[in-house]
Structure formats: structure tokens, C-alpha cells
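Undergrad: Structure file final36.txt (compact mmCIF, C-alpha atoms) right here:
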# COMPACT_ATOMS: atom_id res chain seq x y z
CA MET A 1 109.32 59.97 63.76
CA ILE A 2 112.98 60.93 63.89
CA PRO A 3 112.22 64.67 64.16
CA ILE A 4 109.90 64.07 67.12
CA LEU A 5 112.55 61.97 68.83
CA GLY A 6 114.99 64.79 68.16
CA LEU A 7 112.67 67.30 69.77
CA ALA A 8 112.24 65.11 72.84
CA ALA A 9 115.99 64.56 73.04
CA GLY A 10 116.55 68.31 72.86
CA VAL A 11 114.09 68.99 75.67
CA LEU A 12 115.65 66.31 77.87
CA LEU A 13 119.15 67.60 77.12
CA GLY A 14 118.15 71.12 78.04
CA LEU A 15 116.51 70.02 81.30
CA PHE A 16 119.31 67.75 82.47
CA LEU A 17 122.41 69.56 81.26
CA ASP A 18 120.95 72.90 82.40
CA PRO A 19 123.30 74.99 80.27
CA THR A 20 123.90 78.55 81.35
CA VAL A 21 123.00 81.19 78.78
CA PRO A 22 125.12 84.35 78.63
CA LEU A 23 123.32 87.22 80.29
CA VAL A 24 123.42 89.25 77.06
CA LEU A 25 121.43 86.63 75.17
CA GLN A 26 118.84 85.95 77.84
CA PRO A 27 116.29 88.61 76.77
CA TYR A 28 116.17 87.10 73.25
CA LEU A 29 115.47 83.52 74.35
CA PRO A 30 111.65 83.78 74.57
CA ILE A 31 111.43 85.43 71.14
CA ALA A 32 113.77 82.82 69.68
CA VAL A 33 111.53 80.10 71.09
CA VAL A 34 108.44 81.62 69.47
CA ALA A 35 110.29 81.88 66.14
CA ALA A 36 111.47 78.27 66.45
CA LEU A 37 107.91 77.13 67.19
CA ASP A 38 106.73 78.94 64.08
CA ALA A 39 109.31 77.15 61.93
CA VAL A 40 108.49 73.77 63.49
CA PHE A 41 104.74 74.18 62.97
CA GLY A 42 105.37 75.35 59.40
CA GLY A 43 107.50 72.29 58.74
CA LEU A 44 104.89 69.96 60.20
CA ARG A 45 102.19 71.48 58.07
CA ALA A 46 104.32 71.29 54.94
CA ARG A 47 104.91 67.63 55.66
CA LEU A 48 101.19 66.99 55.96
CA ASP A 49 100.65 68.99 52.77
CA GLY A 50 103.21 66.75 51.13
CA ILE A 51 105.56 69.55 50.15
CA PHE A 52 108.10 69.26 52.97
CA ASP A 53 111.64 70.14 52.07
CA ALA A 54 114.54 69.64 54.45
CA LYS A 55 116.56 72.53 53.07
CA VAL A 56 113.67 74.97 53.35
CA PHE A 57 112.91 73.79 56.87
CA VAL A 58 116.46 74.16 58.15
CA ILE A 59 116.97 77.53 56.55
CA SER A 60 113.59 78.87 57.70
CA PHE A 61 114.29 77.71 61.25
CA VAL A 62 117.71 79.31 61.48
CA SER A 63 116.70 82.52 59.75
CA ASN A 64 113.49 82.79 61.80
CA VAL A 65 115.35 82.52 65.10
CA VAL A 66 118.15 84.84 64.06
CA VAL A 67 115.90 87.47 62.50
CA ALA A 68 113.48 87.50 65.45
CA ALA A 69 116.35 87.94 67.90
CA LEU A 70 117.88 90.59 65.68
CA ILE A 71 114.68 92.59 65.42
CA VAL A 72 114.32 92.61 69.17
CA PHE A 73 117.99 93.49 69.60
CA LEU A 74 117.62 96.37 67.18
CA GLY A 75 114.48 97.48 69.01
CA ASP A 76 116.34 97.40 72.31
CA GLN A 77 119.04 99.63 70.86
CA LEU A 78 116.42 102.05 69.57
CA GLY A 79 114.38 102.00 72.76
CA VAL A 80 111.35 100.22 71.30
CA GLY A 81 112.38 96.69 72.26
CA ALA A 82 109.17 95.90 74.12
CA GLN A 83 106.98 97.10 71.24
CA LEU A 84 108.97 95.21 68.62
CA SER A 85 108.86 92.08 70.79
CA THR A 86 105.09 92.43 70.82
CA ALA A 87 105.03 92.86 67.04
CA VAL A 88 107.14 89.74 66.51
CA VAL A 89 105.05 87.70 68.91
CA VAL A 90 101.79 88.84 67.29
CA VAL A 91 102.90 88.04 63.74
CA LEU A 92 104.48 84.71 64.63
CA GLY A 93 101.58 83.87 66.90
CA ILE A 94 99.09 84.38 64.07
CA ARG A 95 101.19 82.15 61.81
CA ILE A 96 101.44 79.46 64.45
CA PHE A 97 97.68 79.55 64.89
CA GLY A 98 97.08 79.33 61.15
CA ASN A 99 99.46 76.43 60.73
CA ALA A 100 98.04 74.67 63.76
CA ALA A 101 94.57 75.03 62.24
CA ALA A 102 95.80 73.55 58.93
CA ILE A 103 97.44 70.67 60.79
CA ARG A 104 94.21 70.09 62.66
CA ARG A 105 92.28 69.95 59.37
CA HIS A 106 94.74 67.37 58.05
CA ILE A 107 94.58 65.16 61.11
CA PHE A 108 90.90 65.36 62.03
CA ARG A 109 89.53 66.19 58.56
CA ALA A 110 87.55 69.00 60.13
CA MET B 1 99.31 90.67 46.96
CA GLY B 2 96.57 90.69 49.53
CA ALA B 3 94.35 93.66 50.11
CA SER B 4 96.23 94.61 53.21
CA LEU B 5 99.13 93.67 55.35
CA LEU B 6 96.84 92.05 57.88
CA ASP B 7 95.19 89.92 55.20
CA ASP B 8 98.63 88.79 54.08
CA VAL B 9 99.60 87.82 57.57
CA LEU B 10 96.35 85.98 58.16
CA ALA B 11 96.20 84.19 54.79
CA GLU B 12 99.82 83.23 54.28
CA THR B 13 100.69 81.22 57.34
CA LEU B 14 102.91 78.72 55.52
CA ASP B 15 106.31 79.81 54.30
CA PRO B 16 105.91 80.18 50.50
CA ALA B 17 109.37 78.70 50.10
CA TYR B 18 107.85 75.26 50.64
CA ALA B 19 105.51 75.68 47.68
CA GLN B 20 108.32 77.03 45.51
CA ALA B 21 110.57 74.12 46.41
CA ALA B 22 107.77 71.69 45.61
CA ALA B 23 107.16 73.37 42.25
CA ARG B 24 110.84 73.19 41.44
CA ARG B 25 110.84 69.51 42.30
CA THR B 26 108.02 68.73 39.88
CA GLU B 27 109.90 70.51 37.10
CA GLU B 28 113.21 68.84 37.67
CA PRO B 29 113.77 65.20 38.39
CA ALA B 30 113.56 64.98 42.16
CA PRO B 31 116.82 64.05 43.82
CA ALA B 32 116.63 61.04 46.10
CA ARG B 33 115.78 62.07 49.65
CA SER B 34 119.19 62.44 51.13
CA SER B 35 119.96 61.09 54.55
CA ARG B 36 121.88 64.32 55.10
CA GLY B 37 118.63 66.28 54.92
CA ARG B 38 116.99 64.01 57.46
CA LEU B 39 119.92 64.36 59.81
CA LEU B 40 119.77 68.14 59.49
CA VAL B 41 116.05 68.17 60.24
CA ALA B 42 116.58 66.00 63.30
CA LEU B 43 119.41 68.24 64.45
CA VAL B 44 117.26 71.35 64.04
CA MET B 45 114.54 69.66 66.09
CA VAL B 46 117.07 68.93 68.82
CA VAL B 47 118.04 72.60 68.83
CA ALA B 48 114.37 73.59 68.99
CA GLY B 49 113.79 71.32 71.97
CA LEU B 50 116.91 72.63 73.65
CA LEU B 51 115.75 76.21 73.16
CA VAL B 52 112.36 75.50 74.67
CA ALA B 53 113.83 73.68 77.67
CA VAL B 54 116.49 76.30 78.35
CA THR B 55 114.00 79.14 78.12
CA TYR B 56 111.64 77.35 80.45
CA ASP B 57 114.44 76.73 82.92
CA GLN B 58 115.51 80.34 82.73
CA ALA B 59 112.03 81.69 83.36
CA ALA B 60 111.51 79.32 86.29
CA ALA B 61 114.89 80.21 87.80
CA THR B 62 114.19 83.94 87.46
CA ALA B 63 110.85 83.63 89.21
CA GLN B 64 112.39 81.54 91.96
CA GLY B 65 115.29 83.95 92.40
CA ARG B 66 112.92 86.87 92.73
CA GLN B 67 110.98 85.04 95.41
CA GLN B 68 114.18 84.26 97.30
CA VAL B 69 115.35 87.85 97.20
CA ARG B 70 111.93 88.97 98.42
CA ALA B 71 111.96 86.52 101.31
CA ALA B 72 115.49 87.57 102.24
CA LEU B 73 114.51 91.24 102.24
CA ILE B 74 111.45 90.59 104.40
CA GLU B 75 113.65 88.67 106.82
CA ASP B 76 116.12 91.57 106.93
CA ILE B 77 113.35 94.03 107.74
CA GLN B 78 112.00 91.77 110.46
CA ARG B 79 115.41 91.38 112.01
CA SER B 80 116.15 95.09 111.95
CA SER B 81 112.83 96.02 113.50
CA ASP B 82 113.33 93.38 116.20
CA ALA B 83 116.75 94.82 116.94
CA GLY B 84 115.20 98.30 117.09
CA ASP B 85 112.58 97.14 119.58
CA GLU B 86 115.23 95.50 121.72
CA LEU B 87 117.34 98.65 121.76
CA THR B 88 114.31 100.76 122.67
CA ALA B 89 113.55 98.49 125.60
CA GLU B 90 117.18 98.59 126.70
CA LEU B 91 117.22 102.37 126.47
CA GLU B 92 114.10 102.57 128.61
CA GLU B 93 115.69 100.34 131.24
CA LEU B 94 118.88 102.39 131.27
CA ARG B 95 116.94 105.62 131.62
CA VAL B 96 115.09 104.26 134.63
CA GLU B 97 118.38 103.16 136.11
CA VAL B 98 119.97 106.55 135.51
CA ALA B 99 117.02 108.32 137.12
CA ARG B 100 117.15 106.03 140.14
CA THR B 101 120.90 106.45 140.58
CA ARG B 102 120.53 110.22 140.25
CA ASP B 103 117.78 110.31 142.83
CA ASP B 104 119.82 108.14 145.23
CA LEU B 105 122.86 110.37 144.92
CA LEU B 106 120.96 113.63 145.25
CA ALA B 107 118.96 112.44 148.23
CA ALA B 108 122.18 112.06 150.23
CA SER B 109 122.84 115.79 150.71
CA VAL B 110 120.78 118.88 151.50
CA VAL B 111 121.88 120.66 148.32
CA GLY B 112 121.06 117.52 146.45
CA GLN B 113 117.66 117.36 148.09
CA ARG B 114 116.88 120.84 146.88
CA ALA B 115 118.12 120.00 143.38
CA LEU B 116 115.96 116.89 143.46
CA ASP B 117 112.87 118.95 144.20
CA GLU B 118 113.78 121.28 141.35
CA VAL B 119 114.26 118.36 139.01
CA ALA B 120 110.93 116.90 140.02
CA ALA B 121 109.16 120.21 139.35
CA ALA B 122 110.92 120.55 136.01
CA GLU B 123 110.01 117.00 135.03
CA GLU B 124 106.40 117.64 135.88
CA GLY B 125 106.45 120.75 133.75
CA ALA B 126 108.12 118.91 130.90
CA ALA B 127 105.58 116.09 131.02
CA ALA B 128 108.27 113.54 131.82
CA VAL B 129 106.37 111.82 134.63
CA PRO B 130 102.85 110.44 134.78
CA VAL B 131 100.36 112.52 136.78
CA THR B 132 97.02 111.90 138.43
CA GLY B 133 94.37 114.32 139.58
CA PRO B 134 90.97 115.90 139.00
CA GLY B 135 90.29 117.70 135.77
CA LEU B 136 88.28 118.05 132.61
CA LEU B 137 87.56 115.42 129.96
CA VAL B 138 86.86 116.83 126.48
CA THR B 139 85.76 114.50 123.70
CA LEU B 140 85.93 115.39 120.02
CA ALA B 141 84.73 112.90 117.42
CA ASN B 142 84.09 112.77 113.70
CA ALA B 143 80.52 113.11 112.52
CA GLU B 144 78.82 109.75 112.28
CA SER B 145 77.80 108.83 108.76
CA ASP B 146 74.12 109.26 108.03
CA ALA B 147 71.90 106.22 108.27
CA ASP B 148 70.78 106.60 104.64
CA ASP B 149 74.35 106.74 103.35
CA ASP B 150 75.24 103.99 100.93
CA PRO B 151 77.41 101.71 103.02
CA VAL B 152 79.29 100.44 99.95
CA GLY B 153 80.42 103.83 98.71
CA GLY B 154 80.50 105.36 102.17
CA GLY B 155 84.28 105.89 102.10
CA THR B 156 84.13 108.57 99.45
CA ALA B 157 80.83 110.10 100.44
CA GLU B 158 82.14 111.12 103.85
CA ASP B 159 82.81 114.80 103.48
CA ALA B 160 85.79 116.56 104.96
CA GLY B 161 83.62 118.91 107.00
CA GLY B 162 82.53 116.08 109.29
CA LYS B 163 86.05 115.29 110.42
CA VAL B 164 88.07 116.57 113.32
CA ARG B 165 91.10 118.43 112.03
CA ASP B 166 94.43 119.13 113.66
CA GLY B 167 93.38 122.76 114.03
CA ASP B 168 90.36 121.78 116.14
CA LEU B 169 92.54 119.79 118.51
CA GLN B 170 95.08 122.60 118.68
CA LEU B 171 92.31 125.04 119.50
CA VAL B 172 90.92 122.91 122.30
CA VAL B 173 94.37 122.22 123.73
CA ASN B 174 95.34 125.88 123.64
CA ALA B 175 92.08 126.87 125.27
CA LEU B 176 92.70 124.32 128.02
CA TRP B 177 96.22 125.62 128.63
CA ALA B 178 94.83 129.15 128.72
CA ALA B 179 92.15 128.02 131.17
CA GLY B 180 94.85 126.89 133.57
CA ALA B 181 95.36 123.20 132.83
CA GLU B 182 98.46 121.75 134.43
CA ALA B 183 98.83 118.73 132.19
CA ILE B 184 97.06 117.58 129.01
CA SER B 185 96.97 114.35 127.04
CA ILE B 186 95.24 113.35 123.81
CA ASN B 187 94.30 109.67 123.59
CA ASP B 188 97.02 108.74 126.06
CA GLN B 189 99.64 110.84 124.28
CA ARG B 190 100.95 113.30 126.83
CA LEU B 191 101.53 116.81 125.57
CA GLY B 192 104.78 118.47 126.49
CA ALA B 193 106.00 121.97 125.87
CA THR B 194 107.32 121.07 122.41
CA THR B 195 104.73 118.52 121.33
CA ALA B 196 103.27 119.19 117.90
CA ILE B 197 99.72 118.39 116.77
CA ARG B 198 99.84 117.91 113.04
CA PHE B 199 97.84 116.57 110.14
CA ALA B 200 99.45 113.92 107.95
CA GLY B 201 97.13 112.73 105.22
CA GLU B 202 94.05 111.41 106.95
CA ALA B 203 95.56 110.95 110.39
CA VAL B 204 96.19 113.41 113.18
CA LEU B 205 99.69 113.10 114.60
CA VAL B 206 100.47 114.01 118.16
CA ASP B 207 104.18 114.02 118.88
CA PHE B 208 104.58 112.31 115.46
CA ARG B 209 102.48 109.37 116.57
CA PRO B 210 99.05 108.89 115.02
CA VAL B 211 95.94 109.19 117.20
CA MET B 212 92.57 107.89 116.15
CA ASN B 213 89.03 109.19 116.22
CA PRO B 214 87.42 109.72 118.75
CA TYR B 215 89.83 112.13 120.39
CA GLU B 216 89.76 112.16 124.16
CA ILE B 217 91.51 115.15 125.63
CA ARG B 218 92.26 115.00 129.33
CA ALA B 219 93.33 118.09 131.21
CA ILE B 220 94.33 118.15 134.85
CA GLY B 221 93.46 121.20 136.91
CA ASP B 222 90.74 122.50 139.16
CA PRO B 223 87.61 121.19 137.38
CA ASP B 224 85.36 124.14 138.22
CA SER B 225 87.65 127.01 137.25
CA LEU B 226 88.95 125.01 134.30
CA SER B 227 85.52 124.38 132.83
CA GLN B 228 84.38 127.97 133.45
CA ALA B 229 87.40 129.51 131.75
CA PHE B 230 87.28 126.92 129.00
CA LEU B 231 83.64 127.60 128.19
CA ARG B 232 84.11 131.34 128.23
CA ASN B 233 86.84 131.13 125.59
CA PRO B 234 85.34 132.66 122.37
CA GLN B 235 87.19 130.22 120.16
CA VAL B 236 85.69 127.29 122.02
CA ILE B 237 82.24 128.80 121.58
CA ALA B 238 82.91 129.16 117.85
CA LEU B 239 84.15 125.57 117.66
CA ALA B 240 81.00 124.37 119.44
CA ASP B 241 78.88 126.16 116.84
CA VAL B 242 80.90 124.67 113.97
CA SER B 243 80.69 121.21 115.55
CA ALA B 244 76.93 121.47 115.83
CA ALA B 245 76.69 122.55 112.19
CA PHE B 246 78.81 119.68 110.86
CA GLY B 247 77.60 117.03 113.28
CA LEU B 248 80.90 116.65 115.13
CA ARG B 249 80.74 115.31 118.63
CA PHE B 250 82.06 117.83 121.12
CA ASP B 251 81.45 116.87 124.74
CA PHE B 252 83.13 117.77 127.96
CA ALA B 253 82.79 116.47 131.47
CA LYS B 254 84.39 117.13 134.84
CA ALA B 255 86.31 114.20 136.25
CA ASP B 256 87.46 113.55 139.80
CA GLU B 257 90.33 111.31 138.89
CA LEU B 258 92.30 111.46 135.63
CA THR B 259 95.54 109.62 134.94
CA LEU B 260 97.93 110.98 132.35
CA PRO B 261 100.91 108.96 131.15
CA ALA B 262 104.43 110.30 130.86
CA GLY B 263 105.34 112.01 127.62
CA SER B 264 108.04 110.89 125.25
CA THR B 265 111.45 110.67 126.85
CA LEU B 266 113.35 113.91 126.93
CA GLU B 267 116.50 114.45 124.96
CA LEU B 268 119.52 115.92 126.68
CA ARG B 269 120.30 118.96 124.55
CA SER B 270 122.77 120.88 126.69
CA ALA B 271 124.86 120.23 129.74
CA GLY B 272 127.52 122.10 131.67
CA PRO B 273 129.90 121.53 134.55
CA VAL B 274 128.51 122.05 138.04
CA GLU B 275 129.39 125.46 139.46
CA PRO B 276 131.48 125.20 142.63
CA ASP B 277 129.44 127.98 144.25
CA PRO B 278 126.52 126.28 146.06
CA SER B 279 124.39 129.44 145.91
CA ASP B 280 124.24 129.20 142.10
CA THR B 281 122.01 126.21 141.46
CA SER B 282 120.29 127.36 138.29
CA PRO B 283 120.03 124.32 136.00
CA GLY B 284 121.65 124.43 132.60
CA GLY B 285 118.73 123.22 130.55
Show this structure as C-alpha cells.
TA:
Amino acid sequence: MIPILGLAAGVLLGLFLDPTVPLVLQPYLPIAVVAALDAVFGGLRARLDGIFDAKVFVISFVSNVVVAALIVFLGDQLGVGAQLSTAVVVVLGIRIFGNAAAIRRHIFRA
Amino acid sequence: MGASLLDDVLAETLDPAYAQAAARRTEEPAPARSSRGRLLVALVMVVAGLLVAVTYDQAAATAQGRQQVRAALIEDIQRSSDAGDELTAELEELRVEVARTRDDLLAASVVGQRALDEVAAAEEGAAAVPVTGPGLLVTLANAESDADDDPVGGGTAEDAGGKVRDGDLQLVVNALWAAGAEAISINDQRLGATTAIRFAGEAVLVDFRPVMNPYEIRAIGDPDSLSQAFLRNPQVIALADVSAAFGLRFDFAKADELTLPAGSTLELRSAGPVEPDPSDTSPGG
């Protein structure tokens, strides 16, 4: 319950405070969001599987976001930023789908 | 290891670290669930929510900004073109005023009267004034598409041979000049001594303004001698043959009364001081 409240609080904070992101970081925001979603879905599934671990969740979230942004940054420097963004989105997207399917099986037993 | 990278990606959607941590916990006595861990999880969720909201905001703001810039640019263009139209109208007014003032001044003296007549003749020659009179009306038109043409794909099926080209118009115009025409216009675009008939893509440009099919060429002159000389021109005869072969429309008719508009306004290219000697009245340009 607390994590969901936290998520809602974060969304509301972001919408009302409207913080300005440095221009340099702006291209990495969408990728960071996809990485964060992956970590959150993974955590939710682990919880339903009964193997949730706070340490693993926190570390996977932070490392996911940082690594995704880094890969895209590196790609930008090498001139393949768009392609690497696609690669990251595809891989993370598949994982999100898989985890969402597992969560669905837990909740609806189907 | 899976058979392939793709299998790995598809099969292993959950971070294996969770399973490892769970295995470790069963081996060792599990530590009591710390409130610190819960707090951290909640904090991470706050960050996740923040990220989502900020990214959404950013994307929305970018889209909105683009729309604003676009609207501002469109407004700029509109304003500039309005200003251009206004200036053109003002220029036209001023030109009329200048011409009237000039005529008034010149009409006052005998020398001026003579100069006025010269100016009038020159303006007529330079297509600067509208003219009316009998003449010849020549019509050139693209071939009409066949009835059994597919109307859907008709745009591409229309072959280039069935279209009037700039060369055809040039030929007709030159033949008319040679036949003794005093003034010529194409679709209400008056031809002057320096007017060009050009092709630009699909459109024929006369004096850099596009004219559309069908092309109506009006020539002022004595209708009888004009049509005789025009029809005897070998190039016109050749064009008539080509037109018949490709299905172009190529008609001509004598007309008792044709009205030709004035050509584009003339630019003043050279000017000089008036010679004190009244016998030397040759205009500068």
C-alpha cells in the first residue's frame, strides 16, 4: 500500500511543483522512465511471487535508470543514439510485457 | 543459458537477483523486515512517480511550444504578405499620380506636347497602357483526356505530348509579331518587348506569372492581313500538323474588338538631365 501511495505522491509532486530539468538531461528522461517502469513492474511481480526484496528493488531501480540513460548517452556520443534508444526500449518493453503477464496470472489466475 | 539471446530476453523477464536473494534468505535466518527497507522502497516509488510526471510534462510542453512557434511563424508570414500587398497598392497609386502630374506639366507647353506624344507612342510600344482594337484570337489548349482513360489514375497517364509547351506559345507569339501584330497578350498577360515565356515544372510562365490551360492569345492588328500572314508562316503550319497529331486544340478566329490590359509596370533603368537645346528631344531610355 505504501509504495502505491508513494507513486501517487511522486506523480502529484511532479505535476504541481513542475520542476525544470536541465536541457542536457532532457533527452534521457523518456528512457529513464521506461527503465523505472521495468524496475517497478519487476518489483511488483517479485512481491506477488513472494520473493520481494527491498535491497534488490532499490538497487535494480537505480541501476536500471542510470544504465539506460548511460547507454543512450554513449550512443549519442557515438552517433547511434536513436538506434540504442530503440534497443533499450525494445528489451525493457519485452521485460515489462513479460512481468505484466506474470502479474496478470497472479491476480486473475489466468 | 538459453538457446539464443532472444530466448533469454523473452524467458527471463524477472531480475534473477530476486530469486538469488530469496534463496539466500532460506539458507540464512531471515532478518526482520526492516522499516528502513520499506522507507527506501516508498522513496524509490516517489522518484518513479516524479520521473513519469516530469517526463509527461516535458513532452506536453514541447508539443505545445512547437505549436506556438508554428502559429507565430504563420502570423509573421501573413503580416508580411499583407504589408507587401499594401505597398504594391500604394506603388500603383503613386505611379498613376506621377503619370498624371507628368501629363499635366507636359501639356502646358508646345515642346511638352510633342514630348507627351512621344511618351504615349513609347508607352504603347512598351505595352505600358491597355489597348483596344480589332485583331486575331488564337486558342491553344492541352489535349483532352480520352473517354476510356481511367479517371483514377488519369494524372499519370496523361502523356507529355498532349500538352502545350512554352515553345508552342513562343512560336505562335513570334509568328503573330512577324505577321504584323501591334500588341499581344496571353490569358490577360500583356507581352512587352522583354517579356519571357518560360516553362517552370508543369506551368507556363509569362512574365514570371503562371498562365493556365487553355491559352488564349490575343493579337491586335488588321485581322485580314494578320491572319493571312499568320497562316502562311511555315512554323505555324508545322505546329498545326503537330497539334492535330497529338490532339491539341489549335483554333484561331478574327475578332472585331479585342481588349488587352497593360503590361507589368516599367522599371526606370536610366535617366539623364534634360538638354537645354530644344531641338534635341531624343529620350534617354
Undergrad: For chain A, work out the contacting residues on chain B at 9 Å, counting all atoms listed in the file, and write them as number ranges by chain.
TA: B: 9-15, 17-19, 21-23, 37-58
Undergrad: Give as a PDB file with C-alpha atoms, in the coordinates of the input every residue, naming chains and numbers as the document does, that has an atom within 12 Å of (91.5, 123.2, 122.8), counting all atoms listed in the file.
TA:
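Output contents, as saved in out_37.pdb:
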ATOM      1  CA  LEU B 136      88.280 118.050 132.610  1.00  0.00           C
ATOM      2  CA  LEU B 137      87.560 115.420 129.960  1.00  0.00           C
ATOM      3  CA  VAL B 138      86.860 116.830 126.480  1.00  0.00           C
ATOM      4  CA  THR B 139      85.760 114.500 123.700  1.00  0.00           C
ATOM      5  CA  LEU B 140      85.930 115.390 120.020  1.00  0.00           C
ATOM      6  CA  ARG B 165      91.100 118.430 112.030  1.00  0.00           C
ATOM      7  CA  ASP B 166      94.430 119.130 113.660  1.00  0.00           C
ATOM      8  CA  GLY B 167      93.380 122.760 114.030  1.00  0.00           C
ATOM      9  CA  ASP B 168      90.360 121.780 116.140  1.00  0.00           C
ATOM     10  CA  LEU B 169      92.540 119.790 118.510  1.00  0.00           C
ATOM     11  CA  GLN B 170      95.080 122.600 118.680  1.00  0.00           C
ATOM     12  CA  LEU B 171      92.310 125.040 119.500  1.00  0.00           C
ATOM     13  CA  VAL B 172      90.920 122.910 122.300  1.00  0.00           C
ATOM     14  CA  VAL B 173      94.370 122.220 123.730  1.00  0.00           C
ATOM     15  CA  ASN B 174      95.340 125.880 123.640  1.00  0.00           C
ATOM     16  CA  ALA B 175      92.080 126.870 125.270  1.00  0.00           C
ATOM     17  CA  LEU B 176      92.700 124.320 128.020  1.00  0.00           C
ATOM     18  CA  TRP B 177      96.220 125.620 128.630  1.00  0.00           C
ATOM     19  CA  ALA B 178      94.830 129.150 128.720  1.00  0.00           C
ATOM     20  CA  ALA B 179      92.150 128.020 131.170  1.00  0.00           C
ATOM     21  CA  GLY B 180      94.850 126.890 133.570  1.00  0.00           C
ATOM     22  CA  ALA B 181      95.360 123.200 132.830  1.00  0.00           C
ATOM     23  CA  ILE B 184      97.060 117.580 129.010  1.00  0.00           C
ATOM     24  CA  SER B 185      96.970 114.350 127.040  1.00  0.00           C
ATOM     25  CA  ILE B 186      95.240 113.350 123.810  1.00  0.00           C
ATOM     26  CA  ILE B 197      99.720 118.390 116.770  1.00  0.00           C
ATOM     27  CA  TYR B 215      89.830 112.130 120.390  1.00  0.00           C
ATOM     28  CA  GLU B 216      89.760 112.160 124.160  1.00  0.00           C
ATOM     29  CA  ILE B 217      91.510 115.150 125.630  1.00  0.00           C
ATOM     30  CA  ARG B 218      92.260 115.000 129.330  1.00  0.00           C
ATOM     31  CA  ALA B 219      93.330 118.090 131.210  1.00  0.00           C
ATOM     32  CA  LEU B 226      88.950 125.010 134.300  1.00  0.00           C
ATOM     33  CA  SER B 227      85.520 124.380 132.830  1.00  0.00           C
ATOM     34  CA  ALA B 229      87.400 129.510 131.750  1.00  0.00           C
ATOM     35  CA  PHE B 230      87.280 126.920 129.000  1.00  0.00           C
ATOM     36  CA  LEU B 231      83.640 127.600 128.190  1.00  0.00           C
ATOM     37  CA  ASN B 233      86.840 131.130 125.590  1.00  0.00           C
ATOM     38  CA  PRO B 234      85.340 132.660 122.370  1.00  0.00           C
ATOM     39  CA  GLN B 235      87.190 130.220 120.160  1.00  0.00           C
ATOM     40  CA  VAL B 236      85.690 127.290 122.020  1.00  0.00           C
ATOM     41  CA  ILE B 237      82.240 128.800 121.580  1.00  0.00           C
ATOM     42  CA  ALA B 238      82.910 129.160 117.850  1.00  0.00           C
ATOM     43  CA  LEU B 239      84.150 125.570 117.660  1.00  0.00           C
ATOM     44  CA  ALA B 240      81.000 124.370 119.440  1.00  0.00           C
ATOM     45  CA  PHE B 250      82.060 117.830 121.120  1.00  0.00           C
ATOM     46  CA  PHE B 252      83.130 117.770 127.960  1.00  0.00           C
TER      47      PHE B 252
END
Undergrad: What does the distance from CA of Asp251 in chain B to CA of Thr195 in chain B come to in Å, to one decimal?
TA: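 Rounded to one decimal, the two atoms are 23.6 Å apart.
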Undergrad: Quote the spacing between CA of Leu191 in chain B and CA of Ser264 in chain B in Å to one decimal place.
TA: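 Interatomic distance here is 8.8 Å.
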Undergrad: Please measure the separation of CA of Glu92 in chain B and CA of Leu266 in chain B, giving the value in Å to one decimal.
TA: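 Between CA of Glu92 in chain B and CA of Leu266 in chain B the gap works out to 11.5 Å.
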Undergrad: Could you name the residues that touch Glu123 in chain B at 10 Å or less, counting all atoms listed in the file, but leaving out those on the same chain fewer than 6 positions away, as an mmCIF file with C-alpha atoms, keeping the file's coordinate frame?
TA:
data_model
loop_
_atom_site.group_PDB
_atom_site.id
_atom_site.type_symbol
_atom_site.label_atom_id
_atom_site.label_comp_id
_atom_site.auth_asym_id
_atom_site.auth_seq_id
_atom_site.Cartn_x
_atom_site.Cartn_y
_atom_site.Cartn_z
ATOM 1 C CA ASP B 117 112.870 118.950 144.200
ATOM 2 C CA VAL B 129 106.370 111.820 134.630
ATOM 3 C CA PRO B 130 102.850 110.440 134.780
ATOM 4 C CA ALA B 262 104.430 110.300 130.860
ATOM 5 C CA LEU B 266 113.350 113.910 126.930
#
Undergrad: Could you give me, as a ChimeraX atom specification, the residues within 12 Å of range 80-83 of chain A, counting only C-alpha atoms and dropping anything in the same chain fewer than 3 positions from it?
TA: /A:27-28,31,68-77,86-90
